[in-house]
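Engineer: One file: upload_0.cif (mmCIF, C-alpha atoms and all ligand atoms).
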```cif
data_structure
#
loop_
_atom_site.label_atom_id
_atom_site.label_comp_id
_atom_site.auth_asym_id
_atom_site.auth_seq_id
_atom_site.Cartn_x
_atom_site.Cartn_y
_atom_site.Cartn_z
CA MET A 667 108.98 88.18 210.00
CA LYS A 668 112.02 89.30 211.98
CA ASN A 669 111.07 87.54 215.20
CA ARG A 670 109.60 84.38 213.70
CA LYS A 671 110.83 81.22 215.40
CA LEU A 672 111.00 77.93 213.56
CA LEU A 673 108.98 75.26 215.40
CA MET A 674 110.99 72.02 215.32
CA ILE A 675 109.45 70.10 218.21
CA PRO A 676 107.90 66.66 217.62
CA GLY A 677 104.41 68.12 217.34
CA PRO A 678 102.75 70.47 216.98
CA ILE A 679 104.81 71.26 213.90
CA GLU A 680 104.99 74.02 211.28
CA PHE A 681 101.76 73.96 209.28
CA GLU A 682 101.16 74.81 205.60
CA PRO A 683 99.64 78.33 205.19
CA LYS A 684 96.64 76.90 203.30
CA VAL A 685 95.91 74.58 206.22
CA LEU A 686 96.01 77.56 208.58
CA GLN A 687 93.75 79.54 206.24
CA ALA A 688 91.17 76.75 206.47
CA MET A 689 91.41 77.03 210.27
CA GLY A 690 90.77 80.77 210.03
CA ALA A 691 87.87 80.60 207.57
CA VAL A 692 84.36 81.58 208.68
CA THR A 693 82.97 78.68 210.74
CA THR A 694 80.06 77.00 209.06
CA SER A 695 77.28 74.77 210.44
CA HIS A 696 78.25 71.16 210.98
CA VAL A 697 75.35 70.21 208.72
CA ALA A 698 76.11 72.74 205.95
CA PRO A 699 76.66 71.07 202.54
CA ASN A 700 80.24 72.35 202.17
CA PHE A 701 81.19 70.97 205.60
CA ILE A 702 79.48 67.64 204.96
CA ASN A 703 81.54 67.39 201.80
CA SER A 704 84.77 68.26 203.63
CA PHE A 705 84.07 65.59 206.24
CA GLY A 706 83.20 62.98 203.60
CA ASN A 707 86.31 63.84 201.57
CA SER A 708 88.50 63.62 204.68
CA ILE A 709 87.22 60.11 205.42
CA GLU A 710 87.97 59.01 201.86
CA LEU A 711 91.40 60.66 201.90
CA MET A 712 92.31 58.98 205.18
CA ARG A 713 91.90 55.57 203.51
CA LYS A 714 94.41 56.66 200.86
CA VAL A 715 96.96 58.09 203.30
CA TRP A 716 96.70 55.04 205.60
CA LEU A 717 96.89 52.78 202.52
CA SER A 718 93.79 51.08 203.86
CA PRO A 719 91.14 50.94 201.15
CA LYS A 720 89.09 48.52 203.27
CA GLY A 721 89.48 50.30 206.62
CA GLN A 722 86.88 52.22 208.61
CA PRO A 723 88.16 55.74 209.43
CA PHE A 724 87.11 57.70 212.52
CA ILE A 725 87.60 61.45 212.91
CA VAL A 726 86.81 62.63 216.44
CA ALA A 727 87.58 65.82 218.38
CA GLY A 728 90.35 65.05 220.84
CA SER A 729 94.08 64.40 220.98
CA GLY A 730 96.15 61.31 220.18
CA THR A 731 95.49 59.92 223.64
CA LEU A 732 91.79 59.78 222.79
CA ALA A 733 92.61 57.76 219.67
CA MET A 734 94.58 55.32 221.87
CA ASP A 735 91.67 55.27 224.31
CA MET A 736 89.11 54.61 221.55
CA ALA A 737 90.99 51.57 220.23
CA ALA A 738 91.31 50.13 223.73
CA ALA A 739 87.76 50.95 224.86
CA ASN A 740 86.13 49.39 221.81
CA LEU A 741 88.27 46.28 221.45
CA ILE A 742 89.04 45.24 225.03
CA GLU A 743 86.66 43.53 227.44
CA THR A 744 87.37 42.76 231.09
CA ASN A 745 89.99 40.04 231.60
CA ASP A 746 91.26 40.09 228.01
CA ASN A 747 95.01 39.56 227.78
CA VAL A 748 96.83 42.46 226.16
CA LEU A 749 100.50 42.62 225.16
CA VAL A 750 102.10 46.07 225.11
CA ILE A 751 105.39 46.38 223.24
CA SER A 752 107.02 49.42 224.77
CA THR A 753 109.98 51.48 223.63
CA GLY A 754 109.33 54.41 225.95
CA TYR A 755 106.86 56.77 227.59
CA PHE A 756 103.94 56.19 225.20
CA GLY A 757 104.14 52.40 225.49
CA GLU A 758 103.78 52.80 229.26
CA ARG A 759 100.78 55.07 228.65
CA TYR A 760 99.15 52.44 226.47
CA ALA A 761 99.55 49.87 229.22
CA GLU A 762 97.75 52.21 231.67
CA ILE A 763 94.91 52.81 229.21
CA CYS A 764 94.38 49.07 228.60
CA LYS A 765 94.32 48.40 232.35
CA ARG A 766 91.45 50.91 232.72
CA TYR A 767 89.30 48.65 230.54
CA GLY A 768 90.00 45.62 232.70
CA ALA A 769 92.74 44.02 230.58
CA ASN A 770 95.46 41.80 232.03
CA VAL A 771 98.44 43.68 230.61
CA THR A 772 101.90 42.27 229.96
CA ILE A 773 104.57 44.81 228.95
CA LEU A 774 107.59 43.80 226.90
CA LYS A 775 110.42 46.33 227.00
CA THR A 776 114.20 46.55 226.73
CA GLU A 777 116.96 49.01 227.55
CA ILE A 778 116.44 52.65 226.53
CA GLY A 779 117.07 53.18 222.81
CA ALA A 780 116.57 49.53 221.82
CA THR A 781 113.62 47.66 220.34
CA VAL A 782 111.98 44.48 221.56
CA SER A 783 113.11 41.41 219.59
CA LEU A 784 110.68 39.42 217.46
CA THR A 785 111.79 36.29 219.30
CA ALA A 786 110.70 37.78 222.63
CA ILE A 787 107.38 38.85 221.15
CA GLU A 788 106.68 35.43 219.62
CA LYS A 789 107.66 33.67 222.85
CA GLU A 790 105.15 35.81 224.76
CA LEU A 791 102.38 35.35 222.19
CA ALA A 792 102.88 31.58 222.34
CA SER A 793 102.72 31.55 226.14
CA LYS A 794 98.98 32.33 226.46
CA LYS A 795 95.93 33.46 224.49
CA TYR A 796 96.20 37.18 223.84
CA LYS A 797 93.31 39.28 222.49
CA LEU A 798 95.31 42.28 221.35
CA LEU A 799 98.80 43.73 221.15
CA THR A 800 99.92 47.35 220.89
CA ILE A 801 102.98 48.72 219.15
CA THR A 802 104.27 52.29 219.45
CA HIS A 803 105.55 52.86 215.92
CA VAL A 804 107.77 55.80 216.91
CA ASP A 805 108.04 56.47 220.61
CA THR A 806 108.35 60.25 220.74
CA SER A 807 110.16 60.06 224.07
CA THR A 808 113.12 58.11 222.62
CA GLY A 809 112.98 58.57 218.85
CA VAL A 810 113.00 54.77 218.52
CA VAL A 811 111.13 53.35 215.53
CA ILE A 812 109.89 49.79 215.51
CA ASN A 813 109.13 47.86 212.29
CA PRO A 814 105.43 47.02 212.70
CA GLN A 815 105.17 44.71 209.70
CA PRO A 816 106.71 41.51 211.15
CA ILE A 817 104.96 42.12 214.48
CA ALA A 818 101.58 42.41 212.74
CA LYS A 819 102.43 39.17 210.93
CA LEU A 820 103.08 37.46 214.26
CA ALA A 821 99.83 38.89 215.62
CA LYS A 822 98.01 37.35 212.67
CA LYS A 823 99.73 34.00 213.20
CA TYR A 824 98.47 33.91 216.81
CA ASN A 825 95.08 35.41 215.92
CA VAL A 826 95.72 38.55 218.00
CA LEU A 827 94.49 42.04 217.04
CA SER A 828 97.30 44.51 216.33
CA VAL A 829 97.00 48.18 217.27
CA LEU A 830 99.62 50.61 216.00
CA ASP A 831 100.10 53.87 217.90
CA GLY A 832 101.12 55.92 214.87
CA VAL A 833 100.78 59.32 216.55
CA CYS A 834 104.38 60.12 215.66
CA SER A 835 104.49 58.19 212.38
CA VAL A 836 101.35 58.27 210.22
CA ALA A 837 102.10 60.24 207.02
CA GLY A 838 105.81 60.28 207.89
CA GLU A 839 107.00 56.69 208.35
CA GLU A 840 106.01 53.98 205.89
CA ILE A 841 102.75 52.23 206.87
CA LYS A 842 100.68 50.01 204.59
CA GLN A 843 97.79 49.17 206.86
CA ASP A 844 95.88 46.71 204.65
CA GLU A 845 98.90 45.03 203.08
CA TRP A 846 100.57 44.61 206.49
CA GLU A 847 97.23 43.57 208.05
CA ILE A 848 97.37 45.95 210.99
CA ASP A 849 93.98 46.11 212.71
CA VAL A 850 94.09 49.67 214.01
CA VAL A 851 96.36 52.52 212.97
CA LEU A 852 95.77 55.65 215.00
CA THR A 853 97.22 59.15 215.15
CA ALA A 854 96.59 62.79 216.06
CA SER A 855 96.36 65.78 213.76
CA GLN A 856 99.32 67.80 215.03
CA LYS A 857 102.17 65.64 213.83
CA ALA A 858 103.04 64.39 210.33
CA VAL A 859 99.40 64.70 209.24
CA GLY A 860 100.00 68.46 209.43
CA VAL A 861 96.92 69.98 211.10
CA PRO A 862 96.81 71.95 214.39
CA PRO A 863 96.13 69.88 217.54
CA GLY A 864 92.59 68.69 218.24
CA LEU A 865 91.77 65.66 216.10
CA ALA A 866 91.98 61.99 217.07
CA LEU A 867 92.26 59.95 213.85
CA LEU A 868 91.92 56.20 213.61
CA VAL A 869 91.41 53.57 210.90
CA ALA A 870 90.04 50.16 211.97
CA SER A 871 90.26 46.97 209.88
CA GLU A 872 87.25 44.82 209.02
CA LYS A 873 88.46 42.33 211.64
CA ALA A 874 88.65 45.05 214.31
CA MET A 875 85.13 46.22 213.47
CA LYS A 876 83.87 42.63 213.62
CA THR A 877 85.49 42.17 217.04
CA PHE A 878 83.83 45.38 218.21
CA LYS A 879 80.42 44.31 216.87
CA ASN A 880 80.71 40.91 218.59
CA ARG A 881 81.36 42.41 222.04
CA LYS A 882 79.48 40.83 224.88
CA THR A 883 79.58 43.93 227.08
CA LEU A 884 78.92 47.64 226.59
CA VAL A 885 81.92 49.86 225.78
CA GLY A 886 82.96 51.36 229.10
CA ASN A 887 83.50 54.87 227.73
CA TYR A 888 80.56 56.83 226.38
CA TYR A 889 82.43 59.41 224.28
CA ALA A 890 84.85 56.87 222.76
CA ASP A 891 82.19 54.26 221.88
CA PHE A 892 82.22 53.33 218.17
CA THR A 893 78.46 52.69 218.54
CA ASN A 894 78.03 56.45 218.74
CA TRP A 895 80.55 57.38 216.06
CA LEU A 896 80.13 54.75 213.35
CA PRO A 897 76.72 56.08 212.17
CA ILE A 898 78.21 59.58 212.05
CA MET A 899 81.16 58.48 209.90
CA ASN A 900 78.80 56.56 207.61
CA ALA A 901 76.43 59.51 207.29
CA TYR A 902 79.15 62.02 206.40
CA GLU A 903 80.72 59.59 203.97
CA ASN A 904 77.34 59.27 202.25
CA ARG A 905 77.20 63.08 202.25
CA ASN A 906 74.31 63.21 204.73
CA PRO A 907 74.00 65.52 207.76
CA SER A 908 74.39 63.91 211.15
CA TYR A 909 75.07 64.66 214.81
CA PHE A 910 76.45 62.95 217.88
CA GLY A 911 78.94 65.47 219.32
CA THR A 912 79.61 68.77 217.54
CA PRO A 913 82.50 68.19 215.15
CA PRO A 914 85.41 70.68 215.16
CA VAL A 915 84.34 72.24 211.88
CA ASN A 916 87.46 74.29 211.12
CA LEU A 917 89.86 71.51 212.09
CA ILE A 918 88.12 69.08 209.76
CA ALA A 919 88.20 71.63 206.92
CA ALA A 920 91.96 71.97 207.60
CA LEU A 921 92.32 68.17 207.66
CA GLU A 922 90.85 67.89 204.19
CA VAL A 923 93.37 70.45 202.88
CA SER A 924 96.34 68.73 204.50
CA LEU A 925 95.35 65.19 203.44
CA GLN A 926 94.94 66.50 199.89
CA PHE A 927 98.50 67.93 200.04
CA ILE A 928 99.79 64.55 201.23
CA ILE A 929 98.11 62.75 198.33
CA GLU A 930 99.40 65.36 195.85
CA GLU A 931 102.95 64.87 197.10
CA GLY A 932 102.50 61.10 196.79
CA ILE A 933 102.67 58.97 199.90
CA GLU A 934 105.82 57.11 198.77
CA ASN A 935 107.56 60.44 197.97
CA ARG A 936 106.58 61.70 201.37
CA PHE A 937 108.11 58.68 203.13
CA LYS A 938 111.30 59.21 201.10
CA ARG A 939 111.47 62.92 201.95
CA HIS A 940 111.14 62.09 205.64
CA GLN A 941 113.92 59.49 205.33
CA LYS A 942 116.24 62.01 203.65
CA MET A 943 115.59 64.84 206.14
CA ALA A 944 116.08 62.47 209.06
CA LEU A 945 119.28 61.01 207.66
CA ALA A 946 120.75 64.49 207.09
CA PHE A 947 119.85 65.56 210.61
CA ARG A 948 121.11 62.40 212.32
CA GLU A 949 124.40 62.36 210.42
CA ALA A 950 124.93 66.02 211.33
CA MET A 951 124.48 65.18 215.02
CA LEU A 952 126.94 62.29 214.72
CA ALA A 953 129.43 64.54 212.89
CA LEU A 954 129.20 66.87 215.91
CA GLU A 955 130.11 63.81 217.99
CA LEU A 956 126.80 63.82 219.83
CA GLN A 957 125.21 60.56 220.91
CA LEU A 958 121.71 59.58 219.79
CA VAL A 959 119.20 57.95 222.14
CA PRO A 960 118.36 55.12 219.68
CA ILE A 961 121.25 52.72 219.93
CA SER A 962 121.27 51.75 216.26
CA LYS A 963 120.68 53.52 212.96
CA ASN A 964 118.12 50.85 212.12
CA ASN A 965 115.86 51.87 214.95
CA SER A 966 116.22 55.67 214.56
CA SER A 967 112.95 57.25 213.48
CA ASN A 968 112.45 59.48 210.45
CA THR A 969 110.04 61.83 212.20
CA LEU A 970 112.13 62.96 215.15
CA THR A 971 115.63 62.57 216.58
CA ALA A 972 116.50 62.35 220.28
CA VAL A 973 120.07 63.44 221.11
CA TYR A 974 122.02 63.36 224.38
CA TYR A 975 123.60 66.65 225.47
CA PRO A 976 127.37 66.56 225.53
CA GLU A 977 128.83 66.23 229.02
CA ASN A 978 128.90 69.43 231.08
CA ILE A 979 126.25 71.17 228.97
CA ASN A 980 123.22 72.39 230.86
CA GLY A 981 120.03 71.42 229.01
CA GLY A 982 118.08 74.48 230.15
CA ASP A 983 120.82 76.84 228.92
CA PHE A 984 121.05 75.02 225.61
CA LEU A 985 117.29 75.14 224.96
CA LYS A 986 117.20 78.85 225.85
CA ASN A 987 120.05 79.50 223.44
CA MET A 988 118.18 77.61 220.72
CA SER A 989 115.15 79.81 221.25
CA ASP A 990 117.36 82.92 221.18
CA ASN A 991 118.64 81.58 217.86
CA ASN A 992 115.00 81.40 216.68
CA VAL A 993 114.54 77.64 216.63
CA ILE A 994 112.26 75.93 219.14
CA ILE A 995 113.15 72.34 219.98
CA ALA A 996 111.97 70.07 222.82
CA GLY A 997 113.67 68.87 225.97
CA GLY A 998 113.60 65.26 227.20
CA LEU A 999 110.42 63.37 228.10
CA LEU A 1000 111.41 59.92 229.36
CA PRO A 1001 111.56 60.40 233.16
CA SER A 1002 114.79 58.42 233.78
CA ILE A 1003 116.86 60.53 231.32
CA LYS A 1004 114.65 63.62 231.05
CA THR A 1005 117.37 66.22 231.73
CA LYS A 1006 120.01 64.46 229.65
CA TYR A 1007 118.72 64.88 226.09
CA PHE A 1008 116.81 67.01 223.61
CA ARG A 1009 114.39 66.16 220.80
CA VAL A 1010 114.01 67.65 217.33
CA GLY A 1011 110.97 66.96 215.17
CA HIS A 1012 111.46 66.76 211.40
CA MET A 1013 108.10 65.79 209.99
CA GLY A 1014 105.15 67.05 207.99
CA SER A 1015 106.07 69.81 205.56
CA VAL A 1016 109.68 69.98 206.84
CA ASN A 1017 112.20 70.89 204.12
CA SER A 1018 115.97 71.01 203.79
CA ASN A 1019 116.12 74.71 204.74
CA ASP A 1020 114.40 73.90 208.05
CA VAL A 1021 116.90 71.11 208.71
CA ILE A 1022 119.91 73.29 207.89
CA ALA A 1023 118.57 76.22 209.94
CA THR A 1024 118.08 73.90 212.92
CA ILE A 1025 121.56 72.40 212.68
CA SER A 1026 123.01 75.90 212.37
CA ALA A 1027 121.19 77.00 215.55
CA ILE A 1028 122.37 73.82 217.31
CA GLU A 1029 125.99 74.58 216.36
CA LYS A 1030 125.69 78.19 217.58
CA SER A 1031 124.03 77.14 220.82
CA LEU A 1032 126.53 74.37 221.55
CA LYS A 1033 129.36 76.82 221.02
CA THR A 1034 127.82 79.39 223.37
CA CYS A 1035 127.41 76.62 225.96
CA GLY A 1036 131.13 75.80 225.72
CA TYR A 1037 131.17 72.66 223.55
CA HIS A 1038 134.06 72.34 221.08
CA PHE A 1039 133.75 70.96 217.56
CA ARG A 1040 134.94 71.73 214.04
CA ASN A 1041 132.98 74.78 212.92
CA GLY A 1042 130.27 73.98 210.37
CA ILE A 1043 130.86 70.21 210.42
CA GLY A 1044 127.21 69.46 211.15
CA ILE A 1045 125.94 71.78 208.44
CA SER A 1046 128.31 70.50 205.75
CA THR A 1047 127.52 66.87 206.60
CA ALA A 1048 123.81 67.55 206.20
CA GLN A 1049 124.34 69.58 203.00
CA ASP A 1050 126.18 66.64 201.41
CA ILE A 1051 123.17 64.40 202.07
CA LEU A 1052 120.57 66.95 201.07
CA SER A 1053 122.18 68.15 197.85
C1 LIG A 1101 103.70 58.10 220.09
C2 LIG A 1101 102.69 58.96 220.77
N1 LIG A 1101 101.56 58.39 221.22
C3 LIG A 1101 100.61 59.11 221.81
C4 LIG A 1101 100.75 60.46 222.00
C5 LIG A 1101 99.67 61.23 222.68
O1 LIG A 1101 99.13 62.17 221.80
P1 LIG A 1101 98.45 63.50 222.35
O2 LIG A 1101 99.50 64.28 223.04
O3 LIG A 1101 97.95 64.16 221.10
O4 LIG A 1101 97.37 63.07 223.27
C6 LIG A 1101 101.90 61.11 221.56
C7 LIG A 1101 102.11 62.54 221.77
O5 LIG A 1101 103.12 63.10 221.51
C8 LIG A 1101 102.89 60.32 220.92
O6 LIG A 1101 103.98 60.89 220.46
#
```
Give the structure from this file in structure tokens form.
Structural biologist:
Amino acid sequence: MKNRKLLMIPGPIEFEPKVLQAMGAVTTSHVAPNFINSFGNSIELMRKVWLSPKGQPFIVAGSGTLAMDMAAANLIETNDNVLVISTGYFGERYAEICKRYGANVTILKTEIGATVSLTAIEKELASKKYKLLTITHVDTSTGVVINPQPIAKLAKKYNVLSVLDGVCSVAGEEIKQDEWEIDVVLTASQKAVGVPPGLALLVASEKAMKTFKNRKTLVGNYYADFTNWLPIMNAYENRNPSYFGTPPVNLIAALEVSLQFIIEEGIENRFKRHQKMALAFREAMLALELQLVPISKNNSSNTLTAVYYPENINGGDFLKNMSDNNVIIAGGLLPSIKTKYFRVGHMGSVNSNDVIATISAIEKSLKTCGYHFRNGIGISTAQDILS
């Protein structure tokens, strides 16, 4: 396809042709045996991808924000204390969501590009009785990754529920939900899970489900209420027809295909591939003497990279040049630095050719915009890592 543009934004991403074929198949009834089977298989596959054999999966029509909303709506009651660990735009969003359900929210944050220290988190947890804490695994506005494992351990120590916003990490960054004892891991279909936008996906631990069942008050959101969805998930898993809200039949068929691909690749192999692609891309940017938004290599995500424009380069011109060079990337998102940086997604089925093509387009576009560097330095740096 002569005019095909490579989609390298941090979601939606490039999807596997077989996933897209499932989207384009004839739509069946939501109680047809083949769909019931697809739904049931998807629930079982989610447990494998999340590494949560004991978890309760939920598959609901909506975006990642709905998954965030569902966790908050079902686990928070008025006046609960909630700790939000924020590394950018989506941490702030989580704070707003929790406030809607009557929580007293405390936000812990640091300078842009940094992570919150474990010492600060423990100090806060020790200061009063918290019900729940939220972690943004990869904040898509900064490309900062946080290690959720020690935070979940702290949450356990203080008997606090842990909720991981994994919208930009599930099936890309390493997560072992049961082993790490994270109570909720949530995501959306359009990122590393590899399915077009439209599915909110969430796995809740036994402890989270117990907390939900022991609520004293009704869930303040009708659509998000687990009371409505749990019987549906159970029915489909037992291969029985059911109805609460019409499921997005084609999206769920596509989800089954994509989750199957993930399992075939092997979840550990998939994490490693993401690490390699990200390393190649990041090192290429550094070789071009560009500055990354994350301030250390240890907190740079493997699913996307956020890069500051060089001085005197106009972001709008650069992004237009990228599109003219047939690669679509994203501009900034964090309001305070929005016009100063760009973001490149490298997740899902991304391969080394995609990474090299993107770096090549970045080099061409930087040159057109007047930035000077040694020709091909980004590409050769990445090639050395990828080969
Ligand atoms: C980390 C994170 N959380 C939440 C969301 C919200 O997801 P959605 O846009 O699907 O509602 C996004 C979207 O990019 C995200 O990256």
Engineer: What's the 7 Å shell around Thr800 (chain A), counting all atoms listed in the file, without same-chain residues fewer than 2 positions away, as JSON, numbers by chain?
Structural biologist: {"A": [749, 750, 751, 798, 802, 828, 829, 830]}
Engineer: Generate the output file for the selected residues, C-alpha atoms, as a PDB file, keeping the file's coordinate frame.
Structural biologist:
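Okay, selection_7.pdb is ready:
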```
ATOM      1  CA  LEU A 749     100.500  42.620 225.160  1.00  0.00           C
ATOM      2  CA  VAL A 750     102.100  46.070 225.110  1.00  0.00           C
ATOM      3  CA  ILE A 751     105.390  46.380 223.240  1.00  0.00           C
ATOM      4  CA  LEU A 798      95.310  42.280 221.350  1.00  0.00           C
ATOM      5  CA  THR A 802     104.270  52.290 219.450  1.00  0.00           C
ATOM      6  CA  SER A 828      97.300  44.510 216.330  1.00  0.00           C
ATOM      7  CA  VAL A 829      97.000  48.180 217.270  1.00  0.00           C
ATOM      8  CA  LEU A 830      99.620  50.610 216.000  1.00  0.00           C
TER       9      LEU A 830
END
```
Engineer: Grab the CA of Asn1019 (chain A) to CA of Gly1044 (chain A) distance for me, in Å with one decimal place.
Structural biologist: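 Computing the Euclidean distance for CA of Asn1019 (chain A) and CA of Gly1044 (chain A) yields 13.8 Å.
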Engineer: Considering all atoms listed in the file, return as JSON, numbers by chain whatever protein or nucleic-acid residues lie within 12 Å of Lys842 (chain A), sequence-local ones (same chain, fewer than 6 positions apart) excluded.
Structural biologist: {"A": [713, 714, 715, 716, 717, 718, 719, 720, 721, 813, 814, 815, 818, 830, 832, 835, 836, 848, 849, 850, 851, 869, 933, 934, 937]}
Engineer: What does the structure give for the distance between CA of Leu784 (chain A) and CA of Thr731 (chain A), in Å to one decimal?
Structural biologist: 26.3 Å
Engineer: Between chain A and ligand LIG 1101 (chain A), at 9 Å or less, what are the per-residue closest atom pairs and their distances in Å? Count all atoms listed in the file, order by chain and rising residue number, and return it as a tab-separated table.
Structural biologist:
```
residue	atom	partner	partner_atom	distance
A:Pro676	CA	A:LIG1101	O5	7.1
A:Gly677	CA	A:LIG1101	O5	6.7
A:Pro678	CA	A:LIG1101	O5	8.7
A:Gly728	CA	A:LIG1101	O3	7.7
A:Ser729	CA	A:LIG1101	O3	3.9
A:Gly730	CA	A:LIG1101	O3	3.5
A:Thr731	CA	A:LIG1101	O4	3.7
A:Leu732	CA	A:LIG1101	O4	6.5
A:Ala733	CA	A:LIG1101	O4	8.0
A:Met734	CA	A:LIG1101	C3	7.1
A:Gly754	CA	A:LIG1101	C1	8.9
A:Tyr755	CA	A:LIG1101	C1	8.2
A:Phe756	CA	A:LIG1101	N1	5.1
A:Gly757	CA	A:LIG1101	N1	7.8
A:Arg759	CA	A:LIG1101	C3	7.9
A:Tyr760	CA	A:LIG1101	C3	8.3
A:Thr802	CA	A:LIG1101	C1	5.9
A:His803	CA	A:LIG1101	C1	6.9
A:Val804	CA	A:LIG1101	C1	5.7
A:Asp805	CA	A:LIG1101	C1	4.7
A:Thr806	CA	A:LIG1101	O6	4.4
A:Ser807	CA	A:LIG1101	O6	7.2
A:Asp831	CA	A:LIG1101	N1	5.8
A:Gly832	CA	A:LIG1101	C1	6.2
A:Val833	CA	A:LIG1101	C2	4.6
A:Cys834	CA	A:LIG1101	O6	4.9
A:Ser835	CA	A:LIG1101	C1	7.8
A:Leu852	CA	A:LIG1101	N1	8.9
A:Thr853	CA	A:LIG1101	C3	7.5
A:Ala854	CA	A:LIG1101	O3	5.4
A:Ser855	CA	A:LIG1101	O3	7.7
A:Gln856	CA	A:LIG1101	O3	7.2
A:Lys857	CA	A:LIG1101	O5	8.1
A:Pro863	CA	A:LIG1101	O3	7.0
A:Gly864	CA	A:LIG1101	O3	7.6
A:Leu865	CA	A:LIG1101	O3	8.1
A:Ala866	CA	A:LIG1101	O3	7.5
```
Engineer: Write out, as an mmCIF file, keeping the file's coordinate frame, the residues just selected, with C-alpha atoms.
Structural biologist:
```cif
data_model
loop_
_atom_site.group_PDB
_atom_site.id
_atom_site.type_symbol
_atom_site.label_atom_id
_atom_site.label_comp_id
_atom_site.auth_asym_id
_atom_site.auth_seq_id
_atom_site.Cartn_x
_atom_site.Cartn_y
_atom_site.Cartn_z
ATOM 1 C CA PRO A 676 107.900 66.660 217.620
ATOM 2 C CA GLY A 677 104.410 68.120 217.340
ATOM 3 C CA PRO A 678 102.750 70.470 216.980
ATOM 4 C CA GLY A 728 90.350 65.050 220.840
ATOM 5 C CA SER A 729 94.080 64.400 220.980
ATOM 6 C CA GLY A 730 96.150 61.310 220.180
ATOM 7 C CA THR A 731 95.490 59.920 223.640
ATOM 8 C CA LEU A 732 91.790 59.780 222.790
ATOM 9 C CA ALA A 733 92.610 57.760 219.670
ATOM 10 C CA MET A 734 94.580 55.320 221.870
ATOM 11 C CA GLY A 754 109.330 54.410 225.950
ATOM 12 C CA TYR A 755 106.860 56.770 227.590
ATOM 13 C CA PHE A 756 103.940 56.190 225.200
ATOM 14 C CA GLY A 757 104.140 52.400 225.490
ATOM 15 C CA ARG A 759 100.780 55.070 228.650
ATOM 16 C CA TYR A 760 99.150 52.440 226.470
ATOM 17 C CA THR A 802 104.270 52.290 219.450
ATOM 18 C CA HIS A 803 105.550 52.860 215.920
ATOM 19 C CA VAL A 804 107.770 55.800 216.910
ATOM 20 C CA ASP A 805 108.040 56.470 220.610
ATOM 21 C CA THR A 806 108.350 60.250 220.740
ATOM 22 C CA SER A 807 110.160 60.060 224.070
ATOM 23 C CA ASP A 831 100.100 53.870 217.900
ATOM 24 C CA GLY A 832 101.120 55.920 214.870
ATOM 25 C CA VAL A 833 100.780 59.320 216.550
ATOM 26 C CA CYS A 834 104.380 60.120 215.660
ATOM 27 C CA SER A 835 104.490 58.190 212.380
ATOM 28 C CA LEU A 852 95.770 55.650 215.000
ATOM 29 C CA THR A 853 97.220 59.150 215.150
ATOM 30 C CA ALA A 854 96.590 62.790 216.060
ATOM 31 C CA SER A 855 96.360 65.780 213.760
ATOM 32 C CA GLN A 856 99.320 67.800 215.030
ATOM 33 C CA LYS A 857 102.170 65.640 213.830
ATOM 34 C CA PRO A 863 96.130 69.880 217.540
ATOM 35 C CA GLY A 864 92.590 68.690 218.240
ATOM 36 C CA LEU A 865 91.770 65.660 216.100
ATOM 37 C CA ALA A 866 91.980 61.990 217.070
#
```
